[in-house]
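**Q** Next up is a structure, given as structure tokens.
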Amino acid sequence: ASRSDRMFALAVVVVSAVLFVCAVPFAGVPLTPVPAFVGSYQSALAINDLITAVLLFSQFAISRSRALLLLASGYLFTAMAAIVHALTFPGLFAPGGLLGAGTQTTVWIYMIWHGAFPLLVLAYSLLKAADKDSKIRGAAGGAIVTSIIAVAVATAAFSWIVTAQHDLLPTLLSRGHYTPVMLWVVSMVWCLSLAALIALWRNKPYSVLDVWLMVVMCAWMFDIALSAVLI
């Protein structure tokens with residue numbers, strides 16, 4: 001990554017931080033529910049992450065980097081998680097959400113979704129240093145298909161847990177207020193994003209992808225703070 005790449009990325013983070021600070025006073029203000037907005041927002045997230053996953057899988061087919069394969073799987077997971085979150089969101093497709101969703105389903109999906117991605121980014125950063133000596137051998141297509149199946153199975157598993165086994169999960173929200181469990185869970189999720197950002201920052205020299213992943217993790221922390229910490 002050149003100096004201009006780093007400066008442009010820093011400018012994006014600064015603008016995002018300013019917008020975040022401006023939005024903080026309104027984070028806890030209840031707004032009129034607009035299900036169409038939620039559906040559009042989640043659709044945009046899913047499509048964007050799916051396109052990113054395809055591009056990263058294509059790049060992996062050239063580089064055979066284990067770290068890149070893991071990162072591509074992370075973006076595919078976020079796309080699938082966004083879809084499941086939308087399907088179970090109360091009032092969007094059904095009054096209580098689809099797939100047998102319960103009152104805690106969407107909040108648990110959000111926490112798993114926003115905790116798993118930075119964990120995979122952290123793993124990407126740690127694997128990247130050893131990538132020169134740990135390229136995947138054999139057909140790249142097989143590795144990609146295996147990763148897609150693994151992500152699909154993981155998504156199906158956590159979706160089953162937060163729907164069919166909903167009553168076994170700890171309560172995160174009760175009558176619109178956080179429970180002590182929620183405070184612990186959301187703090188851990190936010191800290192995972194911070195850990196991923198620090199790992200990327202310490203792993204020099206930076207590629208262009210690394211620089212923009214740091215931007216993503218900053219935006220991820222702003223998102224979690226506005227959506228689940230400051231309300």
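Following the order of the structure tokens, chains are lettered A, B, ..., residues in each are numbered from 1, and ligands are numbered from 1.
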List the spatial neighbours of region 135-148 of chain A as a list in words - criterion: any atom at most 9 Å away, only C-alpha atoms, same-chain residues fewer than 4 positions off excluded.
**A**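 Counting only C-alpha atoms, the residues come to Phe57, Phe60, Ala61, Ile62, Ser63, Arg64, Ser65, Arg66, Leu69, Leu70, Ala72, Ser73, Leu76, Phe77, Asp131, Ala152 and Val153 of chain A.
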**Q** Got a sec: who's within 9 Å of Ala46 (chain A), counting only C-alpha atoms, leaving out chain neighbours fewer than 2 positions off, as an NGL selection string?
**A** :A and (41-44 or 48-51 or 76 or 78-83)
**Q** Could you tell me which of A:Phe117, A:Tyr124, A:Phe37, A:Phe158 comes closest to Val84 (chain A) if we count only C-alpha atoms?
**A**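 Checking each of A:Phe117, A:Tyr124, A:Phe37, A:Phe158 against Val84 (chain A), counting only C-alpha atoms, the winner is A:Phe158.
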**Q** Please identify all polymer residues within 8 Å of region 99-110 of chain A, counting only C-alpha atoms, omitting same-chain residues fewer than 5 positions from it, and present them as a ChimeraX atom specification.
**A** /A:81,84-85,87-89,158-159,162-164,166,171-173
**Q** Restricting the output to N, CA, C and O atoms, write the selected residues as a compact mmCIF listing (two decimals), in the first residue's frame.
**A**
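After the write, part.txt holds the following:
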```
# COMPACT_ATOMS: atom_id res chain seq x y z
N ALA A 81 -25.34 -14.43 6.97
CA ALA A 81 -25.89 -13.99 8.26
C ALA A 81 -26.85 -12.83 8.07
O ALA A 81 -27.88 -12.74 8.76
N VAL A 84 -30.17 -14.31 6.92
CA VAL A 84 -30.89 -14.97 8.02
C VAL A 84 -31.46 -13.92 8.98
O VAL A 84 -32.59 -14.04 9.46
N HIS A 85 -30.67 -12.89 9.26
CA HIS A 85 -31.12 -11.82 10.15
C HIS A 85 -32.38 -11.14 9.59
O HIS A 85 -33.33 -10.85 10.32
N LEU A 87 -34.56 -12.48 7.45
CA LEU A 87 -35.68 -13.43 7.43
C LEU A 87 -36.33 -13.55 8.80
O LEU A 87 -37.55 -13.76 8.91
N THR A 88 -35.54 -13.44 9.85
CA THR A 88 -36.08 -13.61 11.21
C THR A 88 -36.47 -12.29 11.87
O THR A 88 -36.97 -12.29 12.99
N PHE A 89 -36.25 -11.17 11.18
CA PHE A 89 -36.52 -9.87 11.78
C PHE A 89 -38.02 -9.67 11.98
O PHE A 89 -38.81 -9.82 11.04
N PHE A 158 -25.91 -22.34 13.36
CA PHE A 158 -26.24 -21.27 14.30
C PHE A 158 -27.67 -20.79 14.11
O PHE A 158 -28.33 -20.35 15.06
N SER A 159 -28.19 -20.89 12.87
CA SER A 159 -29.59 -20.52 12.63
C SER A 159 -30.53 -21.48 13.36
O SER A 159 -31.55 -21.05 13.93
N VAL A 162 -30.44 -20.61 17.19
CA VAL A 162 -31.15 -19.39 17.62
C VAL A 162 -32.64 -19.42 17.30
O VAL A 162 -33.37 -18.51 17.71
N THR A 163 -33.10 -20.45 16.59
CA THR A 163 -34.53 -20.58 16.31
C THR A 163 -35.12 -21.78 17.05
O THR A 163 -35.88 -21.62 18.01
N ALA A 164 -34.74 -22.98 16.64
CA ALA A 164 -35.30 -24.19 17.24
C ALA A 164 -34.92 -24.33 18.72
O ALA A 164 -35.69 -24.86 19.52
N HIS A 166 -34.16 -21.74 20.69
CA HIS A 166 -34.24 -20.36 21.19
C HIS A 166 -34.41 -20.28 22.70
O HIS A 166 -33.79 -19.47 23.39
N THR A 171 -31.14 -14.85 27.94
CA THR A 171 -31.90 -13.67 27.52
C THR A 171 -30.98 -12.46 27.44
O THR A 171 -30.27 -12.14 28.39
N LEU A 172 -30.98 -11.80 26.28
CA LEU A 172 -30.15 -10.61 26.08
C LEU A 172 -30.95 -9.33 26.25
O LEU A 172 -30.41 -8.32 26.72
N LEU A 173 -32.22 -9.37 25.84
CA LEU A 173 -33.09 -8.20 25.95
C LEU A 173 -34.35 -8.58 26.71
O LEU A 173 -34.98 -9.59 26.41
```
**Q** Identify, with DSSP run on backbone atoms, the residues in region 5-231 of chain A assigned to strand (DSSP E), and express the list as a list in words.
**A** Leu173, Ser174, His177 and Tyr178 of chain A
**Q** Mind dumping the selected residues with all heavy atoms as an mmCIF file, in the first residue's frame?
**A**
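Now in result-v1.cif:
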```
data_model
loop_
_atom_site.group_PDB
_atom_site.id
_atom_site.type_symbol
_atom_site.label_atom_id
_atom_site.label_comp_id
_atom_site.auth_asym_id
_atom_site.auth_seq_id
_atom_site.Cartn_x
_atom_site.Cartn_y
_atom_site.Cartn_z
ATOM 1 N N LEU A 173 -32.222 -9.367 25.839
ATOM 2 C CA LEU A 173 -33.089 -8.196 25.954
ATOM 3 C C LEU A 173 -34.349 -8.579 26.711
ATOM 4 O O LEU A 173 -34.979 -9.587 26.413
ATOM 5 C CB LEU A 173 -33.471 -7.662 24.572
ATOM 6 C CG LEU A 173 -32.375 -6.954 23.772
ATOM 7 C CD1 LEU A 173 -32.875 -6.635 22.369
ATOM 8 C CD2 LEU A 173 -31.931 -5.680 24.471
ATOM 9 N N SER A 174 -34.706 -7.761 27.679
ATOM 10 C CA SER A 174 -35.920 -8.006 28.455
ATOM 11 C C SER A 174 -36.686 -6.694 28.596
ATOM 12 O O SER A 174 -36.187 -5.750 29.216
ATOM 13 C CB SER A 174 -35.571 -8.560 29.839
ATOM 14 O OG SER A 174 -36.735 -8.751 30.615
ATOM 15 N N HIS A 177 -34.784 -3.610 27.636
ATOM 16 C CA HIS A 177 -33.574 -3.270 28.403
ATOM 17 C C HIS A 177 -32.560 -4.416 28.332
ATOM 18 O O HIS A 177 -32.931 -5.593 28.238
ATOM 19 C CB HIS A 177 -33.923 -2.981 29.859
ATOM 20 C CG HIS A 177 -34.839 -1.804 30.037
ATOM 21 N ND1 HIS A 177 -34.407 -0.511 29.904
ATOM 22 C CD2 HIS A 177 -36.163 -1.743 30.333
ATOM 23 C CE1 HIS A 177 -35.410 0.319 30.107
ATOM 24 N NE2 HIS A 177 -36.502 -0.398 30.369
ATOM 25 N N TYR A 178 -31.283 -4.065 28.404
ATOM 26 C CA TYR A 178 -30.227 -5.061 28.384
ATOM 27 C C TYR A 178 -30.198 -5.850 29.689
ATOM 28 O O TYR A 178 -30.410 -5.296 30.767
ATOM 29 C CB TYR A 178 -28.855 -4.405 28.193
ATOM 30 C CG TYR A 178 -28.606 -3.848 26.818
ATOM 31 C CD1 TYR A 178 -27.564 -2.956 26.602
ATOM 32 C CD2 TYR A 178 -29.393 -4.208 25.738
ATOM 33 C CE1 TYR A 178 -27.298 -2.436 25.355
ATOM 34 C CE2 TYR A 178 -29.152 -3.698 24.483
ATOM 35 C CZ TYR A 178 -28.111 -2.818 24.288
ATOM 36 O OH TYR A 178 -27.863 -2.308 23.048
#
```
**Q** Taking the DSSP secondary structure from the backbone, can you list the residues of region 14-202 of chain A that are alpha helix (DSSP H), as a VMD selection string?
**A** chain A and resid 14 to 23 35 to 63 66 to 88 105 to 128 140 to 163 180 to 202
**Q** Expressed in Å to a single decimal, how great is the separation between CA of Met214 (chain A) and CA of Leu200 (chain A)?
**A**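 Going from CA of Met214 (chain A) over to CA of Leu200 (chain A), I get 6.6 Å.
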**Q** What is the CA of Gln59 (chain A) to CA of Tyr75 (chain A) distance in Å?
**A**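 The value is 13.6 Å.
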**Q** Name the residues in contact with Tyr206 (chain A) at a cut-off of 12 Å, using only C-alpha atoms, excluding same-chain residues fewer than 5 positions from it; report them as a list of chain:residue names.
**A**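 That gives A:Ala1, A:Ser2, A:Arg3, A:Asp5, A:Arg6, A:Ser125, A:Lys128, A:Ala129, A:Ala199, A:Leu200, A:Trp201, A:Val211, A:Trp212, A:Leu213, A:Met214.
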**Q** Determine, counting only C-alpha atoms, which protein, DNA and RNA residues have an atom within 9 Å of an atom of Leu122 (chain A); residues of the same chain fewer than 6 positions away are not included. Present the result as a ChimeraX atom specification.
**A** /A:192-193,195-200
